[in-house]
Amino acid sequence: MLKFAANLSFLFTEAAFPDRFKLAADAGFGGVEYLFPYDYPTKDIRHWLTENKLQQVLFNLPPGDWAAGERGLACLPGREEEFKASLAVAAEYAGTLGCRRLHCMAGLRPAGIDELELEATYLANLRQAASFFAPLGIELLIEPINSRIDMPGYWLDNIPKAIRLLEMIAAPNVKLQLDLYHAQIMHGDLARTIRNHRARIGHIQIADNPGRHEPGSGEINYPYLFSLLEQLAYNGWIGCEYKPQGETLAGLGWRPV
């Protein structure tokens, strides 16, 4: 049976963040993910998880100055020391929360810097991060995020590029985070993408297109894709990273029974 995790940065936003854990558990979710935990003490989040019998599935490494528009550090020359420091911060949270997957955001493409330099910086940072997290039993994920609509200028914006980078990094604990919403916008052909890259997928996220709302609200045939994932024996988590059209509970009818 497929395992769905509630993304608390998107779902149950009718309530304050600490209250979303109980709402997710009451709605039948066994796991949660969200963008970042760093605004809250680790002991508080651990309490919210254990109190509601939830598993912490995923969160992102520190992304730089998010409020100022930064979207990751990994490809940015000159920010290597900040990136290195972020690994220890994320590891502390992951250890306390029992989280075994971390997403490393690539960052926005800076003006005036050669593509080869950006790639070299990214590869060096990811190799360092992979080595840092491997003894901790943590899987590092890279996610192509669409640059057409949601994140213009994002450096890692397509699946072929992500697969090529994974092959170059060549670390067993670095995997693909496949967000089917972003993949639909940039590529389409989702079933073939899942089949072709099944062995590299460490985590899946879902939303429909257009609008990034719940499955069933747009053009993606999620019942077919869920059936395909079951056929392929995908046993990882599927993160629900979508914007409900109304109240979260009212939009959960898409979940397979």
# chains A, B, ... in the order shown; residues from 1 in each chain; ligands from 1
>>> closest_atom_pairs(of="range 51-103 of chain A", to="range 177-193 of chain A", cutoff="12 Å", atoms="only C-alpha atoms", output="Markdown table")
| residue | atom | partner | partner_atom | distance |
| --- | --- | --- | --- | --- |
| A:Leu58 | CA | A:Gln177 | CA | 10.5 |
| A:Phe59 | CA | A:Gln177 | CA | 11.7 |
| A:Asn60 | CA | A:Gln177 | CA | 11.5 |
| A:Arg101 | CA | A:Gln177 | CA | 9.9 |
| A:Leu102 | CA | A:Gln177 | CA | 9.8 |
| A:His103 | CA | A:Gln177 | CA | 7.7 |
>>> closest_atom_pairs(of="range 108-225 of chain A", to="range 74-96 of chain A", cutoff="10 Å", atoms="only C-alpha atoms", output="JSON lines")
{"residue": "A:Leu108", "atom": "CA", "partner": "A:Cys75", "partner_atom": "CA", "distance": 8.0}
{"residue": "A:Arg109", "atom": "CA", "partner": "A:Cys75", "partner_atom": "CA", "distance": 7.8}
{"residue": "A:Pro110", "atom": "CA", "partner": "A:Leu76", "partner_atom": "CA", "distance": 7.4}
{"residue": "A:Ile113", "atom": "CA", "partner": "A:Pro77", "partner_atom": "CA", "distance": 8.6}
{"residue": "A:Glu115", "atom": "CA", "partner": "A:Cys75", "partner_atom": "CA", "distance": 9.7}
{"residue": "A:Glu117", "atom": "CA", "partner": "A:Pro77", "partner_atom": "CA", "distance": 7.5}
{"residue": "A:Leu118", "atom": "CA", "partner": "A:Cys75", "partner_atom": "CA", "distance": 5.2}
{"residue": "A:Glu119", "atom": "CA", "partner": "A:Cys75", "partner_atom": "CA", "distance": 6.5}
{"residue": "A:Ala120", "atom": "CA", "partner": "A:Cys75", "partner_atom": "CA", "distance": 8.0}
{"residue": "A:Thr121", "atom": "CA", "partner": "A:Cys75", "partner_atom": "CA", "distance": 5.4}
{"residue": "A:Tyr122", "atom": "CA", "partner": "A:Cys75", "partner_atom": "CA", "distance": 4.2}
{"residue": "A:Leu123", "atom": "CA", "partner": "A:Cys75", "partner_atom": "CA", "distance": 8.0}
{"residue": "A:Ala124", "atom": "CA", "partner": "A:Ala74", "partner_atom": "CA", "distance": 8.7}
{"residue": "A:Asn125", "atom": "CA", "partner": "A:Ala74", "partner_atom": "CA", "distance": 5.9}
{"residue": "A:Leu126", "atom": "CA", "partner": "A:Ala74", "partner_atom": "CA", "distance": 7.1}
{"residue": "A:Gln128", "atom": "CA", "partner": "A:Lys84", "partner_atom": "CA", "distance": 8.1}
{"residue": "A:Ala129", "atom": "CA", "partner": "A:Leu87", "partner_atom": "CA", "distance": 6.8}
{"residue": "A:Ala130", "atom": "CA", "partner": "A:Leu87", "partner_atom": "CA", "distance": 9.9}
{"residue": "A:Phe132", "atom": "CA", "partner": "A:Leu87", "partner_atom": "CA", "distance": 7.7}
{"residue": "A:Phe133", "atom": "CA", "partner": "A:Ala91", "partner_atom": "CA", "distance": 7.6}
{"residue": "A:Leu136", "atom": "CA", "partner": "A:Ala91", "partner_atom": "CA", "distance": 8.2}
{"residue": "A:Gly137", "atom": "CA", "partner": "A:Gly95", "partner_atom": "CA", "distance": 9.8}
{"residue": "A:Ile138", "atom": "CA", "partner": "A:Ala94", "partner_atom": "CA", "distance": 8.4}
{"residue": "A:Trp155", "atom": "CA", "partner": "A:Cys75", "partner_atom": "CA", "distance": 7.6}
{"residue": "A:Leu156", "atom": "CA", "partner": "A:Cys75", "partner_atom": "CA", "distance": 9.0}
>>> closest_residue(among="A:Arg127, A:Asn209, A:Asn173, A:Met105", to="Pro144 in chain A", atoms="only C-alpha atoms")
A:Met105
>>> residues_around(residues="Ile45 in chain A", least_positions_apart="5", cutoff="12 Å", atoms="only C-alpha atoms", output="list in words")
Phe17, Pro18, Asp19, Arg20, Phe21, Lys22, Val32, Glu33, Tyr34, Phe36, Pro37, Tyr38, Asp39, Tyr40, Thr50, Glu51, Asn52, Leu54, Gln55, Gln56, Tyr93, Ala94, Thr96, Leu97, Gly98 and Cys99 of chain A
>>> write_last_selection(atoms="N, CA and C atoms", output="PDB file, in the first residue's frame")
ATOM      1  N   PHE A  17       1.036  26.145  12.885  1.00  0.00           N
ATOM      2  CA  PHE A  17       1.923  25.037  12.533  1.00  0.00           C
ATOM      3  C   PHE A  17       1.944  23.928  13.587  1.00  0.00           C
ATOM      4  N   PRO A  18       2.081  24.220  14.871  1.00  0.00           N
ATOM      5  CA  PRO A  18       2.115  23.122  15.852  1.00  0.00           C
ATOM      6  C   PRO A  18       0.844  22.277  15.864  1.00  0.00           C
ATOM      7  N   ASP A  19      -0.280  22.878  15.522  1.00  0.00           N
ATOM      8  CA  ASP A  19      -1.558  22.157  15.555  1.00  0.00           C
ATOM      9  C   ASP A  19      -1.770  21.279  14.320  1.00  0.00           C
ATOM     10  N   ARG A  20      -0.971  21.487  13.298  1.00  0.00           N
ATOM     11  CA  ARG A  20      -1.153  20.734  12.051  1.00  0.00           C
ATOM     12  C   ARG A  20      -0.764  19.265  12.216  1.00  0.00           C
ATOM     13  N   PHE A  21       0.110  18.962  13.155  1.00  0.00           N
ATOM     14  CA  PHE A  21       0.533  17.576  13.361  1.00  0.00           C
ATOM     15  C   PHE A  21      -0.654  16.715  13.776  1.00  0.00           C
ATOM     16  N   LYS A  22      -1.429  17.194  14.727  1.00  0.00           N
ATOM     17  CA  LYS A  22      -2.607  16.441  15.169  1.00  0.00           C
ATOM     18  C   LYS A  22      -3.636  16.337  14.059  1.00  0.00           C
ATOM     19  N   VAL A  32       4.805  13.108   8.031  1.00  0.00           N
ATOM     20  CA  VAL A  32       4.715  14.521   7.671  1.00  0.00           C
ATOM     21  C   VAL A  32       6.046  14.993   7.100  1.00  0.00           C
ATOM     22  N   GLU A  33       5.936  15.990   6.270  1.00  0.00           N
ATOM     23  CA  GLU A  33       7.095  16.720   5.759  1.00  0.00           C
ATOM     24  C   GLU A  33       6.723  18.192   5.752  1.00  0.00           C
ATOM     25  N   TYR A  34       7.696  19.043   5.532  1.00  0.00           N
ATOM     26  CA  TYR A  34       7.474  20.487   5.413  1.00  0.00           C
ATOM     27  C   TYR A  34       8.754  21.094   4.882  1.00  0.00           C
ATOM     28  N   PHE A  36      10.841  23.661   6.129  1.00  0.00           N
ATOM     29  CA  PHE A  36      11.945  23.880   7.065  1.00  0.00           C
ATOM     30  C   PHE A  36      11.463  23.759   8.508  1.00  0.00           C
ATOM     31  N   PRO A  37      12.285  23.193   9.392  1.00  0.00           N
ATOM     32  CA  PRO A  37      11.937  23.109  10.807  1.00  0.00           C
ATOM     33  C   PRO A  37      12.631  24.164  11.671  1.00  0.00           C
ATOM     34  N   TYR A  38      13.459  25.015  11.087  1.00  0.00           N
ATOM     35  CA  TYR A  38      14.472  25.738  11.850  1.00  0.00           C
ATOM     36  C   TYR A  38      13.928  26.870  12.718  1.00  0.00           C
ATOM     37  N   ASP A  39      12.674  27.234  12.547  1.00  0.00           N
ATOM     38  CA  ASP A  39      12.075  28.269  13.396  1.00  0.00           C
ATOM     39  C   ASP A  39      11.595  27.718  14.737  1.00  0.00           C
ATOM     40  N   TYR A  40      11.700  26.397  14.913  1.00  0.00           N
ATOM     41  CA  TYR A  40      11.164  25.772  16.127  1.00  0.00           C
ATOM     42  C   TYR A  40      12.247  24.928  16.801  1.00  0.00           C
ATOM     43  N   THR A  50       5.855  12.675  18.303  1.00  0.00           N
ATOM     44  CA  THR A  50       5.603  11.498  19.137  1.00  0.00           C
ATOM     45  C   THR A  50       4.198  11.504  19.713  1.00  0.00           C
ATOM     46  N   GLU A  51       3.715  12.693  20.078  1.00  0.00           N
ATOM     47  CA  GLU A  51       2.370  12.792  20.639  1.00  0.00           C
ATOM     48  C   GLU A  51       1.325  12.298  19.650  1.00  0.00           C
ATOM     49  N   ASN A  52       1.597  12.479  18.354  1.00  0.00           N
ATOM     50  CA  ASN A  52       0.625  12.113  17.320  1.00  0.00           C
ATOM     51  C   ASN A  52       1.037  10.887  16.511  1.00  0.00           C
ATOM     52  N   LEU A  54       3.553  10.202  14.555  1.00  0.00           N
ATOM     53  CA  LEU A  54       3.885  10.542  13.181  1.00  0.00           C
ATOM     54  C   LEU A  54       5.370  10.336  12.918  1.00  0.00           C
ATOM     55  N   GLN A  55       5.686  10.002  11.689  1.00  0.00           N
ATOM     56  CA  GLN A  55       7.077   9.886  11.259  1.00  0.00           C
ATOM     57  C   GLN A  55       7.479  11.148  10.511  1.00  0.00           C
ATOM     58  N   GLN A  56       8.663  11.673  10.858  1.00  0.00           N
ATOM     59  CA  GLN A  56       9.216  12.799  10.112  1.00  0.00           C
ATOM     60  C   GLN A  56       9.862  12.257   8.847  1.00  0.00           C
ATOM     61  N   TYR A  93      18.823  18.599  13.546  1.00  0.00           N
ATOM     62  CA  TYR A  93      17.366  18.434  13.493  1.00  0.00           C
ATOM     63  C   TYR A  93      16.992  17.020  13.051  1.00  0.00           C
ATOM     64  N   ALA A  94      17.666  16.521  12.020  1.00  0.00           N
ATOM     65  CA  ALA A  94      17.332  15.195  11.506  1.00  0.00           C
ATOM     66  C   ALA A  94      17.547  14.127  12.573  1.00  0.00           C
ATOM     67  N   THR A  96      17.446  14.432  15.911  1.00  0.00           N
ATOM     68  CA  THR A  96      16.436  14.514  16.964  1.00  0.00           C
ATOM     69  C   THR A  96      15.069  14.072  16.469  1.00  0.00           C
ATOM     70  N   LEU A  97      14.753  14.367  15.218  1.00  0.00           N
ATOM     71  CA  LEU A  97      13.425  14.077  14.672  1.00  0.00           C
ATOM     72  C   LEU A  97      13.329  12.708  14.011  1.00  0.00           C
ATOM     73  N   GLY A  98      14.439  12.000  13.929  1.00  0.00           N
ATOM     74  CA  GLY A  98      14.414  10.688  13.302  1.00  0.00           C
ATOM     75  C   GLY A  98      14.181  10.744  11.811  1.00  0.00           C
ATOM     76  N   CYS A  99      14.608  11.821  11.174  1.00  0.00           N
ATOM     77  CA  CYS A  99      14.389  12.017   9.734  1.00  0.00           C
ATOM     78  C   CYS A  99      15.576  11.457   8.957  1.00  0.00           C
TER      79      CYS A  99
END
>>> closest_residue(among="A:Phe10, A:Leu116, A:Pro256, A:Gly69", to="Glu241 in chain A", atoms="only C-alpha atoms")
A:Phe10
>>> closest_residue(among="A:Ala170, A:Leu225, A:Ile220, A:Gly72", to="Gly153 in chain A", atoms="only C-alpha atoms")
A:Gly72
>>> select_by_dssp(residues="range 24-59 of chain A", states="alpha helix (DSSP H)", output="ChimeraX atom specification")
/A:24-26,42-51
>>> write_last_selection(atoms="N, CA, C and O atoms", output="PDB file, in the first residue's frame")
ATOM      1  N   ALA A  24      -3.077  16.280  10.895  1.00  0.00           N
ATOM      2  CA  ALA A  24      -2.599  15.296   9.921  1.00  0.00           C
ATOM      3  C   ALA A  24      -2.830  13.876  10.419  1.00  0.00           C
ATOM      4  O   ALA A  24      -3.290  13.000   9.673  1.00  0.00           O
ATOM      5  N   ALA A  25      -2.505  13.644  11.683  1.00  0.00           N
ATOM      6  CA  ALA A  25      -2.707  12.302  12.247  1.00  0.00           C
ATOM      7  C   ALA A  25      -4.185  11.936  12.261  1.00  0.00           C
ATOM      8  O   ALA A  25      -4.556  10.806  11.897  1.00  0.00           O
ATOM      9  N   ASP A  26      -5.031  12.863  12.658  1.00  0.00           N
ATOM     10  CA  ASP A  26      -6.469  12.589  12.697  1.00  0.00           C
ATOM     11  C   ASP A  26      -7.032  12.310  11.306  1.00  0.00           C
ATOM     12  O   ASP A  26      -8.033  11.590  11.165  1.00  0.00           O
ATOM     13  N   THR A  42      14.044  21.780  18.381  1.00  0.00           N
ATOM     14  CA  THR A  42      13.917  20.367  18.016  1.00  0.00           C
ATOM     15  C   THR A  42      13.046  19.607  19.013  1.00  0.00           C
ATOM     16  O   THR A  42      12.263  18.738  18.617  1.00  0.00           O
ATOM     17  N   LYS A  43      13.154  19.937  20.288  1.00  0.00           N
ATOM     18  CA  LYS A  43      12.379  19.200  21.300  1.00  0.00           C
ATOM     19  C   LYS A  43      10.880  19.423  21.118  1.00  0.00           C
ATOM     20  O   LYS A  43      10.076  18.519  21.376  1.00  0.00           O
ATOM     21  N   ASP A  44      10.501  20.602  20.673  1.00  0.00           N
ATOM     22  CA  ASP A  44       9.077  20.868  20.448  1.00  0.00           C
ATOM     23  C   ASP A  44       8.544  20.040  19.286  1.00  0.00           C
ATOM     24  O   ASP A  44       7.470  19.417  19.384  1.00  0.00           O
ATOM     25  N   ILE A  45       9.281  20.035  18.192  1.00  0.00           N
ATOM     26  CA  ILE A  45       8.829  19.277  17.028  1.00  0.00           C
ATOM     27  C   ILE A  45       8.799  17.782  17.355  1.00  0.00           C
ATOM     28  O   ILE A  45       7.861  17.066  16.974  1.00  0.00           O
ATOM     29  N   ARG A  46       9.812  17.317  18.073  1.00  0.00           N
ATOM     30  CA  ARG A  46       9.829  15.907  18.462  1.00  0.00           C
ATOM     31  C   ARG A  46       8.591  15.560  19.297  1.00  0.00           C
ATOM     32  O   ARG A  46       7.982  14.497  19.112  1.00  0.00           O
ATOM     33  N   HIS A  47       8.196  16.459  20.165  1.00  0.00           N
ATOM     34  CA  HIS A  47       6.996  16.230  20.976  1.00  0.00           C
ATOM     35  C   HIS A  47       5.752  16.151  20.094  1.00  0.00           C
ATOM     36  O   HIS A  47       4.910  15.258  20.282  1.00  0.00           O
ATOM     37  N   TRP A  48       5.624  17.050  19.127  1.00  0.00           N
ATOM     38  CA  TRP A  48       4.457  17.048  18.247  1.00  0.00           C
ATOM     39  C   TRP A  48       4.403  15.758  17.440  1.00  0.00           C
ATOM     40  O   TRP A  48       3.313  15.235  17.170  1.00  0.00           O
ATOM     41  N   LEU A  49       5.563  15.253  17.045  1.00  0.00           N
ATOM     42  CA  LEU A  49       5.608  13.993  16.286  1.00  0.00           C
ATOM     43  C   LEU A  49       5.212  12.803  17.155  1.00  0.00           C
ATOM     44  O   LEU A  49       4.344  12.008  16.776  1.00  0.00           O
ATOM     45  N   THR A  50       5.855  12.675  18.303  1.00  0.00           N
ATOM     46  CA  THR A  50       5.603  11.498  19.137  1.00  0.00           C
ATOM     47  C   THR A  50       4.198  11.504  19.713  1.00  0.00           C
ATOM     48  O   THR A  50       3.544  10.454  19.804  1.00  0.00           O
ATOM     49  N   GLU A  51       3.715  12.693  20.078  1.00  0.00           N
ATOM     50  CA  GLU A  51       2.370  12.792  20.639  1.00  0.00           C
ATOM     51  C   GLU A  51       1.325  12.298  19.650  1.00  0.00           C
ATOM     52  O   GLU A  51       0.281  11.754  20.044  1.00  0.00           O
TER      53      GLU A  51
END
>>> select_by_dssp(residues="range 18-227 of chain A", states="strand (DSSP E)", output="list of chain:residue names")
A:Gly31, A:Val32, A:Glu33, A:Gln55, A:Gln56, A:Val57, A:Leu58, A:Phe59, A:Asn60, A:Arg101, A:Leu102, A:His103, A:Glu139, A:Leu140, A:Leu141, A:Ile142, A:Val174, A:Lys175, A:Leu176, A:Gln177, A:Leu178, A:Asp179, A:Ile201, A:Gly202, A:His203, A:Ile204, A:Gln205, A:Ile206
>>> write_last_selection(atoms="C-alpha atoms", output="PDB file, in the first residue's frame")
ATOM      1  CA  GLY A  31       4.097  10.800   8.103  1.00  0.00           C
ATOM      2  CA  VAL A  32       4.715  14.521   7.671  1.00  0.00           C
ATOM      3  CA  GLU A  33       7.095  16.720   5.759  1.00  0.00           C
ATOM      4  CA  GLN A  55       7.077   9.886  11.259  1.00  0.00           C
ATOM      5  CA  GLN A  56       9.216  12.799  10.112  1.00  0.00           C
ATOM      6  CA  VAL A  57       9.700  11.994   6.432  1.00  0.00           C
ATOM      7  CA  LEU A  58      11.561  14.936   4.903  1.00  0.00           C
ATOM      8  CA  PHE A  59      12.624  18.556   5.203  1.00  0.00           C
ATOM      9  CA  ASN A  60      15.024  20.851   3.337  1.00  0.00           C
ATOM     10  CA  ARG A 101      15.842  12.134   4.076  1.00  0.00           C
ATOM     11  CA  LEU A 102      16.956  15.705   3.441  1.00  0.00           C
ATOM     12  CA  HIS A 103      16.370  17.749   0.303  1.00  0.00           C
ATOM     13  CA  GLU A 139      19.726  10.062   2.238  1.00  0.00           C
ATOM     14  CA  LEU A 140      20.297  13.312   0.360  1.00  0.00           C
ATOM     15  CA  LEU A 141      17.722  14.225  -2.282  1.00  0.00           C
ATOM     16  CA  ILE A 142      17.930  16.529  -5.286  1.00  0.00           C
ATOM     17  CA  VAL A 174      22.064  10.698  -3.157  1.00  0.00           C
ATOM     18  CA  LYS A 175      18.719  10.107  -4.861  1.00  0.00           C
ATOM     19  CA  LEU A 176      16.094  11.828  -6.991  1.00  0.00           C
ATOM     20  CA  GLN A 177      13.188  13.633  -5.381  1.00  0.00           C
ATOM     21  CA  LEU A 178      10.552  13.374  -8.086  1.00  0.00           C
ATOM     22  CA  ASP A 179       7.838  15.995  -7.790  1.00  0.00           C
ATOM     23  CA  ILE A 201      13.837   7.739  -6.930  1.00  0.00           C
ATOM     24  CA  GLY A 202      14.170   8.335  -3.194  1.00  0.00           C
ATOM     25  CA  HIS A 203      10.996  10.341  -2.641  1.00  0.00           C
ATOM     26  CA  ILE A 204       7.924  11.423  -4.605  1.00  0.00           C
ATOM     27  CA  GLN A 205       5.766  14.523  -4.211  1.00  0.00           C
ATOM     28  CA  ILE A 206       2.391  15.227  -5.768  1.00  0.00           C
TER      29      ILE A 206
END
>>> atom_distance(atom1="CA of Trp254 in chain A", atom2="CA of Pro223 in chain A")
8.5 Å
>>> atom_distance(atom1="CA of Ile238 in chain A", atom2="CA of Arg255 in chain A")
11.3 Å
>>> atom_distance(atom1="CA of Phe29 in chain A", atom2="CA of Arg195 in chain A")
26.2 Å
>>> closest_residue(among="A:Leu61, A:Glu214, A:Pro41, A:Ala6", to="Gly253 in chain A", atoms="only C-alpha atoms")
A:Glu214
>>> closest_residue(among="A:Lys53, A:Leu252, A:Val257, A:Pro135", to="Phe12 in chain A", atoms="only C-alpha atoms")
A:Leu252
>>> decode(residues="range 227-250 of chain A", atoms="N, CA, C and O atoms", output="PDB file, in the first residue's frame")
ATOM      1  N   SER A 227      -1.445   3.418  -9.395  1.00  0.00           N
ATOM      2  CA  SER A 227      -1.458   2.003  -9.751  1.00  0.00           C
ATOM      3  C   SER A 227      -0.091   1.575 -10.287  1.00  0.00           C
ATOM      4  O   SER A 227       0.416   0.483  -9.959  1.00  0.00           O
ATOM      5  N   LEU A 228       0.522   2.427 -11.086  1.00  0.00           N
ATOM      6  CA  LEU A 228       1.849   2.136 -11.630  1.00  0.00           C
ATOM      7  C   LEU A 228       2.877   2.015 -10.510  1.00  0.00           C
ATOM      8  O   LEU A 228       3.708   1.091 -10.494  1.00  0.00           O
ATOM      9  N   LEU A 229       2.837   2.925  -9.557  1.00  0.00           N
ATOM     10  CA  LEU A 229       3.788   2.870  -8.443  1.00  0.00           C
ATOM     11  C   LEU A 229       3.618   1.588  -7.636  1.00  0.00           C
ATOM     12  O   LEU A 229       4.606   0.997  -7.180  1.00  0.00           O
ATOM     13  N   GLU A 230       2.382   1.148  -7.469  1.00  0.00           N
ATOM     14  CA  GLU A 230       2.153  -0.126  -6.779  1.00  0.00           C
ATOM     15  C   GLU A 230       2.715  -1.290  -7.594  1.00  0.00           C
ATOM     16  O   GLU A 230       3.338  -2.205  -7.038  1.00  0.00           O
ATOM     17  N   GLN A 231       2.512  -1.261  -8.904  1.00  0.00           N
ATOM     18  CA  GLN A 231       3.054  -2.314  -9.767  1.00  0.00           C
ATOM     19  C   GLN A 231       4.577  -2.368  -9.685  1.00  0.00           C
ATOM     20  O   GLN A 231       5.175  -3.450  -9.729  1.00  0.00           O
ATOM     21  N   LEU A 232       5.206  -1.204  -9.563  1.00  0.00           N
ATOM     22  CA  LEU A 232       6.668  -1.126  -9.505  1.00  0.00           C
ATOM     23  C   LEU A 232       7.202  -1.350  -8.094  1.00  0.00           C
ATOM     24  O   LEU A 232       8.407  -1.244  -7.868  1.00  0.00           O
ATOM     25  N   ALA A 233       6.292  -1.646  -7.160  1.00  0.00           N
ATOM     26  CA  ALA A 233       6.664  -1.920  -5.764  1.00  0.00           C
ATOM     27  C   ALA A 233       7.397  -0.740  -5.132  1.00  0.00           C
ATOM     28  O   ALA A 233       8.343  -0.929  -4.355  1.00  0.00           O
ATOM     29  N   TYR A 234       6.943   0.463  -5.446  1.00  0.00           N
ATOM     30  CA  TYR A 234       7.512   1.644  -4.796  1.00  0.00           C
ATOM     31  C   TYR A 234       7.063   1.653  -3.337  1.00  0.00           C
ATOM     32  O   TYR A 234       5.865   1.666  -3.047  1.00  0.00           O
ATOM     33  N   ASN A 235       8.019   1.619  -2.420  1.00  0.00           N
ATOM     34  CA  ASN A 235       7.675   1.569  -0.992  1.00  0.00           C
ATOM     35  C   ASN A 235       8.137   2.794  -0.228  1.00  0.00           C
ATOM     36  O   ASN A 235       8.154   2.788   1.003  1.00  0.00           O
ATOM     37  N   GLY A 236       8.538   3.843  -0.955  1.00  0.00           N
ATOM     38  CA  GLY A 236       8.905   5.094  -0.300  1.00  0.00           C
ATOM     39  C   GLY A 236       7.676   5.927   0.001  1.00  0.00           C
ATOM     40  O   GLY A 236       6.539   5.531  -0.258  1.00  0.00           O
ATOM     41  N   TRP A 237       7.927   7.105   0.547  1.00  0.00           N
ATOM     42  CA  TRP A 237       6.826   8.014   0.882  1.00  0.00           C
ATOM     43  C   TRP A 237       6.430   8.855  -0.324  1.00  0.00           C
ATOM     44  O   TRP A 237       7.241   9.115  -1.222  1.00  0.00           O
ATOM     45  N   ILE A 238       5.181   9.292  -0.321  1.00  0.00           N
ATOM     46  CA  ILE A 238       4.656  10.231  -1.311  1.00  0.00           C
ATOM     47  C   ILE A 238       4.198  11.464  -0.555  1.00  0.00           C
ATOM     48  O   ILE A 238       3.246  11.414   0.231  1.00  0.00           O
ATOM     49  N   GLY A 239       4.894  12.562  -0.766  1.00  0.00           N
ATOM     50  CA  GLY A 239       4.584  13.797  -0.051  1.00  0.00           C
ATOM     51  C   GLY A 239       3.491  14.588  -0.747  1.00  0.00           C
ATOM     52  O   GLY A 239       3.549  14.821  -1.961  1.00  0.00           O
ATOM     53  N   CYS A 240       2.479  14.988   0.019  1.00  0.00           N
ATOM     54  CA  CYS A 240       1.349  15.749  -0.526  1.00  0.00           C
ATOM     55  C   CYS A 240       1.680  17.236  -0.416  1.00  0.00           C
ATOM     56  O   CYS A 240       1.349  17.898   0.564  1.00  0.00           O
ATOM     57  N   GLU A 241       2.341  17.744  -1.440  1.00  0.00           N
ATOM     58  CA  GLU A 241       2.800  19.135  -1.452  1.00  0.00           C
ATOM     59  C   GLU A 241       1.929  19.940  -2.420  1.00  0.00           C
ATOM     60  O   GLU A 241       2.380  20.385  -3.468  1.00  0.00           O
ATOM     61  N   TYR A 242       0.678  20.087  -2.049  1.00  0.00           N
ATOM     62  CA  TYR A 242      -0.252  20.816  -2.906  1.00  0.00           C
ATOM     63  C   TYR A 242      -1.032  21.845  -2.099  1.00  0.00           C
ATOM     64  O   TYR A 242      -1.091  21.786  -0.870  1.00  0.00           O
ATOM     65  N   LYS A 243      -1.621  22.790  -2.814  1.00  0.00           N
ATOM     66  CA  LYS A 243      -2.415  23.846  -2.187  1.00  0.00           C
ATOM     67  C   LYS A 243      -3.897  23.467  -2.280  1.00  0.00           C
ATOM     68  O   LYS A 243      -4.460  23.465  -3.377  1.00  0.00           O
ATOM     69  N   PRO A 244      -4.521  23.100  -1.171  1.00  0.00           N
ATOM     70  CA  PRO A 244      -5.934  22.717  -1.239  1.00  0.00           C
ATOM     71  C   PRO A 244      -6.784  23.845  -1.816  1.00  0.00           C
ATOM     72  O   PRO A 244      -6.563  25.025  -1.530  1.00  0.00           O
ATOM     73  N   GLN A 245      -7.771  23.455  -2.614  1.00  0.00           N
ATOM     74  CA  GLN A 245      -8.676  24.456  -3.181  1.00  0.00           C
ATOM     75  C   GLN A 245      -9.588  25.058  -2.128  1.00  0.00           C
ATOM     76  O   GLN A 245     -10.033  26.189  -2.263  1.00  0.00           O
ATOM     77  N   GLY A 246      -9.885  24.294  -1.095  1.00  0.00           N
ATOM     78  CA  GLY A 246     -10.692  24.778   0.029  1.00  0.00           C
ATOM     79  C   GLY A 246     -10.045  24.331   1.317  1.00  0.00           C
ATOM     80  O   GLY A 246      -8.817  24.381   1.440  1.00  0.00           O
ATOM     81  N   GLU A 247     -10.834  23.872   2.279  1.00  0.00           N
ATOM     82  CA  GLU A 247     -10.256  23.320   3.497  1.00  0.00           C
ATOM     83  C   GLU A 247      -9.581  21.989   3.190  1.00  0.00           C
ATOM     84  O   GLU A 247     -10.035  21.222   2.336  1.00  0.00           O
ATOM     85  N   THR A 248      -8.497  21.724   3.884  1.00  0.00           N
ATOM     86  CA  THR A 248      -7.696  20.541   3.586  1.00  0.00           C
ATOM     87  C   THR A 248      -8.528  19.264   3.635  1.00  0.00           C
ATOM     88  O   THR A 248      -8.462  18.441   2.710  1.00  0.00           O
ATOM     89  N   LEU A 249      -9.297  19.065   4.699  1.00  0.00           N
ATOM     90  CA  LEU A 249     -10.053  17.823   4.855  1.00  0.00           C
ATOM     91  C   LEU A 249     -11.034  17.590   3.719  1.00  0.00           C
ATOM     92  O   LEU A 249     -11.231  16.460   3.267  1.00  0.00           O
ATOM     93  N   ALA A 250     -11.624  18.663   3.227  1.00  0.00           N
ATOM     94  CA  ALA A 250     -12.613  18.545   2.164  1.00  0.00           C
ATOM     95  C   ALA A 250     -11.996  18.061   0.861  1.00  0.00           C
ATOM     96  O   ALA A 250     -12.693  17.534  -0.001  1.00  0.00           O
TER      97      ALA A 250
END
